[in-house]
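Working notes, structure below.
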Amino acid sequence: MDTGRIIPIQSTAIEGDGMGCHAGGETLLAAAKAAGKSETLAQYALDYPRQQDAGPHDQPQSMCPAFGSLRVGLRMRRTATILSGSACCVYGLTFTSHFYGARRSVGYVPFNSETLVTGKLFEDIRDAVHAQAAEGELDAIVVINLCVPTASGVPLQLLPKEINGVRVIGIDVPGFGVPTHAEAKDVLAGAMLRYARQEIQNGPVAAPRGGRQDRPTITLLGEMFPADPVIIGQMLAPMGLAVGPSVPTREWRELYAALDCAAVAAIHPFYTASIREFEAAGRSIVGSAPVGLEGTQEWLQKIGEACNIAPDLIAKSRNDALHGLRDMLSRQSIKGRITLSGYEGSELLVARLLIECGAEVPYVGSACPATPWNAHDAEWLRAKGVQVQFRASLEQDMAAVHAFQPDLAIGTTPIVQKAKQLCIPSLYFTNLISARPLMGVAGAGSLVQVVQAAIGNKARFDAMKSFFGDAGAGHAAGVWEGVPKDRPEFKAETRRQLEKLMKKRKAEEMG
Ligand code: SF4
């Protein structure tokens, strides 16, 4: 085991545990830059740009970004994932992983102020990686630096690249550098693709588990409902194309197959680092997805052109796909106004599909940024009068619900909660919309069904509201033994104390 010398960490580092999301992004960012992470953070700023001229709410509300990378690692066969970060962050991330059915242990290398600033933490991580590599048959070990170790400059790039044939991938995924958990998936997927591409350049690599496809393949970018790649494969077949792996992949050797494609479909448009690797491998990228009539036509055309398919075969593929869709849409449609917001990155595709299924969609908000791969979808939506908000904040999503008074609000947890309070039927985007098929006839059919059923619940909300009235609202919220009493004098006193505290802090800051 290589236990080498201890690498000291910059003394400008954040000292000790307990600095986290609440410490202020700017403080952590400055510390990370001073601690030698400037290059990584500059690349993140280019790959995952924040909203220009943003106000105080410039950070979209999403879960801890590192969850995206962690989830990608945990879903891969023969891959161990180790976190390096504050205990509270690791607790939350582990909890969320198991909530989403990880069925795999999350590795953790704890630290304290001393091990952080002396560089011992890096040594502990290196020891953990060696121990893990020796333990069992693994393809890869992923080590993820969370906020504090990133801000302190813990140099994961100095970990060995390989131990006994086990690849070691160290990445920094700080909340102050990677805005959403969606983009954090790209951080790890991109790092793995880069590694796999270098392996391909260095010599022969393993074939896919089921052997190589005999037809040219299209690699799909983004986590999708399992039926979607199958549906896409059926649409591609008339052009003589097959569907390839989806990235993030479920196994290391799929990375080689993903790179060995005819073209890449950026179904989720925020995989900037991954796209960089595919472009370096000479692959062309096609944005958007086969959703709805127009979306499917355009997408199949672009895929066919990217793969130099004869026009008559492209036309056949389009016609075959459209036949079923036209039939389905003539029989079923959505009637109602819907606002839509989420942080998965597929919001624009869902909005397109909703509109093609008959819905009125005045607003779509995505926590993800505008990229070249969603530009066409944004343009299509704007031409239909939709307000498209990239890097949407909770406040903007909430304002849209108030302004447009939809029949259905599709959104994140706080949006759904707010909409329910307003007696507006709502659906949680992550669990109820992005976890179902979206492509082709199956996608349209399933979306129409779930949306119409939700809109039909309006009368139940009204009945509940009239039954409960204002019970449990405002000062009466919570659990009471007696009849709740409003105490305006307590509120006034608390406000007075807070104002006093703020004045004291201000005075201390000034001097
Ligand atoms: S790692 Fe996640 S939970 Fe921890 S401080 Fe950073 S953003 Fe917050």
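Going through the structure tokens in order, the chains are called A, B, and so on, while each chain numbers its residues from 1 and the ligands are numbered from 1 in the order shown.
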
Residues near Gln449 (chain A), cut-off 10 Å, only C-alpha atoms, skip fewer than 5 positions along chain, as a list in words:
Gln332, Ser333, Ile334, Ala444 and Ala454 of chain A

Hey, what's within 9 Å of region 290-294 of chain A if we count only C-alpha atoms and toss same-chain stuff fewer than 4 positions away? As a PDB file with N, CA and C atoms, in the first residue's frame, please?
ATOM      1  N   ILE A 232     -37.473   4.187 -28.546  1.00  0.00           N
ATOM      2  CA  ILE A 232     -36.599   4.902 -29.491  1.00  0.00           C
ATOM      3  C   ILE A 232     -35.974   3.903 -30.464  1.00  0.00           C
ATOM      4  N   MET A 235     -38.234   3.148 -33.240  1.00  0.00           N
ATOM      5  CA  MET A 235     -38.336   4.243 -34.210  1.00  0.00           C
ATOM      6  C   MET A 235     -37.115   4.291 -35.131  1.00  0.00           C
ATOM      7  N   ILE A 267     -30.668  13.763 -25.224  1.00  0.00           N
ATOM      8  CA  ILE A 267     -32.070  13.810 -24.782  1.00  0.00           C
ATOM      9  C   ILE A 267     -32.172  14.778 -23.605  1.00  0.00           C
ATOM     10  N   GLU A 298     -39.083  15.961 -36.320  1.00  0.00           N
ATOM     11  CA  GLU A 298     -37.831  16.731 -36.398  1.00  0.00           C
ATOM     12  C   GLU A 298     -36.644  15.896 -35.935  1.00  0.00           C
ATOM     13  N   TRP A 299     -36.857  15.158 -34.831  1.00  0.00           N
ATOM     14  CA  TRP A 299     -35.746  14.415 -34.237  1.00  0.00           C
ATOM     15  C   TRP A 299     -35.270  13.298 -35.167  1.00  0.00           C
ATOM     16  N   LEU A 300     -36.230  12.545 -35.725  1.00  0.00           N
ATOM     17  CA  LEU A 300     -35.828  11.452 -36.618  1.00  0.00           C
ATOM     18  C   LEU A 300     -35.105  11.993 -37.856  1.00  0.00           C
ATOM     19  N   ALA A 321     -43.445   6.081 -37.331  1.00  0.00           N
ATOM     20  CA  ALA A 321     -43.599   6.598 -35.962  1.00  0.00           C
ATOM     21  C   ALA A 321     -44.839   7.482 -35.839  1.00  0.00           C
ATOM     22  N   LEU A 322     -45.129   8.228 -36.901  1.00  0.00           N
ATOM     23  CA  LEU A 322     -46.216   9.207 -36.814  1.00  0.00           C
ATOM     24  C   LEU A 322     -47.602   8.575 -36.898  1.00  0.00           C
ATOM     25  N   LEU A 325     -48.914   7.791 -33.459  1.00  0.00           N
ATOM     26  CA  LEU A 325     -49.067   9.010 -32.655  1.00  0.00           C
ATOM     27  C   LEU A 325     -50.308   9.807 -33.067  1.00  0.00           C
ATOM     28  N   ARG A 326     -50.465   9.945 -34.382  1.00  0.00           N
ATOM     29  CA  ARG A 326     -51.607  10.709 -34.894  1.00  0.00           C
ATOM     30  C   ARG A 326     -52.920  10.081 -34.424  1.00  0.00           C
ATOM     31  N   LEU A 329     -53.394  10.689 -30.627  1.00  0.00           N
ATOM     32  CA  LEU A 329     -53.740  12.070 -30.282  1.00  0.00           C
ATOM     33  C   LEU A 329     -55.132  12.469 -30.767  1.00  0.00           C
ATOM     34  N   LEU A 349     -38.906  19.266 -22.789  1.00  0.00           N
ATOM     35  CA  LEU A 349     -39.457  18.159 -23.582  1.00  0.00           C
ATOM     36  C   LEU A 349     -40.874  17.837 -23.123  1.00  0.00           C
ATOM     37  N   VAL A 350     -41.059  17.823 -21.798  1.00  0.00           N
ATOM     38  CA  VAL A 350     -42.393  17.511 -21.261  1.00  0.00           C
ATOM     39  C   VAL A 350     -43.377  18.608 -21.668  1.00  0.00           C
ATOM     40  N   ARG A 352     -43.256  20.458 -24.339  1.00  0.00           N
ATOM     41  CA  ARG A 352     -43.580  20.250 -25.759  1.00  0.00           C
ATOM     42  C   ARG A 352     -44.642  19.175 -25.907  1.00  0.00           C
ATOM     43  N   LEU A 353     -44.439  18.089 -25.191  1.00  0.00           N
ATOM     44  CA  LEU A 353     -45.372  16.965 -25.295  1.00  0.00           C
ATOM     45  C   LEU A 353     -46.761  17.371 -24.794  1.00  0.00           C
ATOM     46  N   LEU A 354     -46.793  18.109 -23.679  1.00  0.00           N
ATOM     47  CA  LEU A 354     -48.082  18.554 -23.129  1.00  0.00           C
ATOM     48  C   LEU A 354     -48.832  19.395 -24.162  1.00  0.00           C
ATOM     49  N   ILE A 355     -48.096  20.312 -24.804  1.00  0.00           N
ATOM     50  CA  ILE A 355     -48.741  21.191 -25.788  1.00  0.00           C
ATOM     51  C   ILE A 355     -49.244  20.373 -26.973  1.00  0.00           C
ATOM     52  N   GLU A 356     -48.419  19.444 -27.425  1.00  0.00           N
ATOM     53  CA  GLU A 356     -48.855  18.611 -28.564  1.00  0.00           C
ATOM     54  C   GLU A 356     -50.043  17.729 -28.175  1.00  0.00           C
ATOM     55  N   CYS A 357     -50.192  17.467 -26.871  1.00  0.00           N
ATOM     56  CA  CYS A 357     -51.342  16.660 -26.417  1.00  0.00           C
ATOM     57  C   CYS A 357     -52.560  17.548 -26.135  1.00  0.00           C
ATOM     58  N   LEU A 438     -41.883   8.987 -21.999  1.00  0.00           N
ATOM     59  CA  LEU A 438     -42.249  10.255 -22.640  1.00  0.00           C
ATOM     60  C   LEU A 438     -42.236  10.141 -24.164  1.00  0.00           C
ATOM     61  N   MET A 439     -41.509   9.127 -24.682  1.00  0.00           N
ATOM     62  CA  MET A 439     -41.289   9.068 -26.133  1.00  0.00           C
ATOM     63  C   MET A 439     -42.410   8.301 -26.844  1.00  0.00           C
ATOM     64  N   GLY A 440     -42.617   8.691 -28.068  1.00  0.00           N
ATOM     65  CA  GLY A 440     -43.529   7.961 -28.944  1.00  0.00           C
ATOM     66  C   GLY A 440     -44.953   7.870 -28.418  1.00  0.00           C
ATOM     67  N   VAL A 441     -45.699   6.903 -28.925  1.00  0.00           N
ATOM     68  CA  VAL A 441     -47.114   6.754 -28.567  1.00  0.00           C
ATOM     69  C   VAL A 441     -47.262   6.445 -27.076  1.00  0.00           C
ATOM     70  N   GLY A 443     -45.407   7.282 -24.599  1.00  0.00           N
ATOM     71  CA  GLY A 443     -45.164   8.476 -23.792  1.00  0.00           C
ATOM     72  C   GLY A 443     -46.367   9.399 -23.791  1.00  0.00           C
ATOM     73  N   ALA A 444     -46.878   9.691 -24.987  1.00  0.00           N
ATOM     74  CA  ALA A 444     -48.021  10.598 -25.093  1.00  0.00           C
ATOM     75  C   ALA A 444     -49.228  10.008 -24.372  1.00  0.00           C
TER      76      ALA A 444
END

Record the distance separating atom 8 (Fe, counted along the ligand's line) of ligand 1 and CA of Ala151 (chain A), expressed in Å with one decimal.
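According to the coordinates, atom 8 (Fe, counted along the ligand's line) of ligand 1 and CA of Ala151 (chain A) are separated by 12.2 Å.
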
Would you pick out the contacts of region 195-199 of chain A at 8 Å or less, using only C-alpha atoms, so that residues sharing its chain but fewer than 6 positions from it are not included, and give the list as a PyMOL selection string?
chain A and resi 205+255-256+259+277+281

Skipping near chain neighbours, those fewer than 3 positions away, what residues fall within 10 Å of region 165-168 of chain A using only C-alpha atoms, listed as a ChimeraX atom specification?
/A:78-80,129-130,132-134,136-143,156-157,159-162,171,192,195-196,252

DSSP says strand (DSSP E or B) for which residues of region 205-373 of chain A? Put them as a ChimeraX atom specification?
/A:217-221,242-247,263-266,284-287,337-342,360-366

DSSP-assigned alpha helix (DSSP H) members of region 291-444 of chain A, reported as a PyMOL selection string:
chain A and resi 292-306+311-331+347-356+375-383+394-404+413-421+440-444

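Closest approach to Arg460 (chain A) among A:Ala400, A:Ala263, A:Ala182, A:Ile424: A:Ile424, based on only C-alpha atoms.
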
Write out as number ranges by chain each polymer residue whose atoms come within 8 Å of Gln389 (chain A), counting only C-alpha atoms; drop sequence neighbours fewer than 2 positions from it.
A: 363-366, 387, 391-392
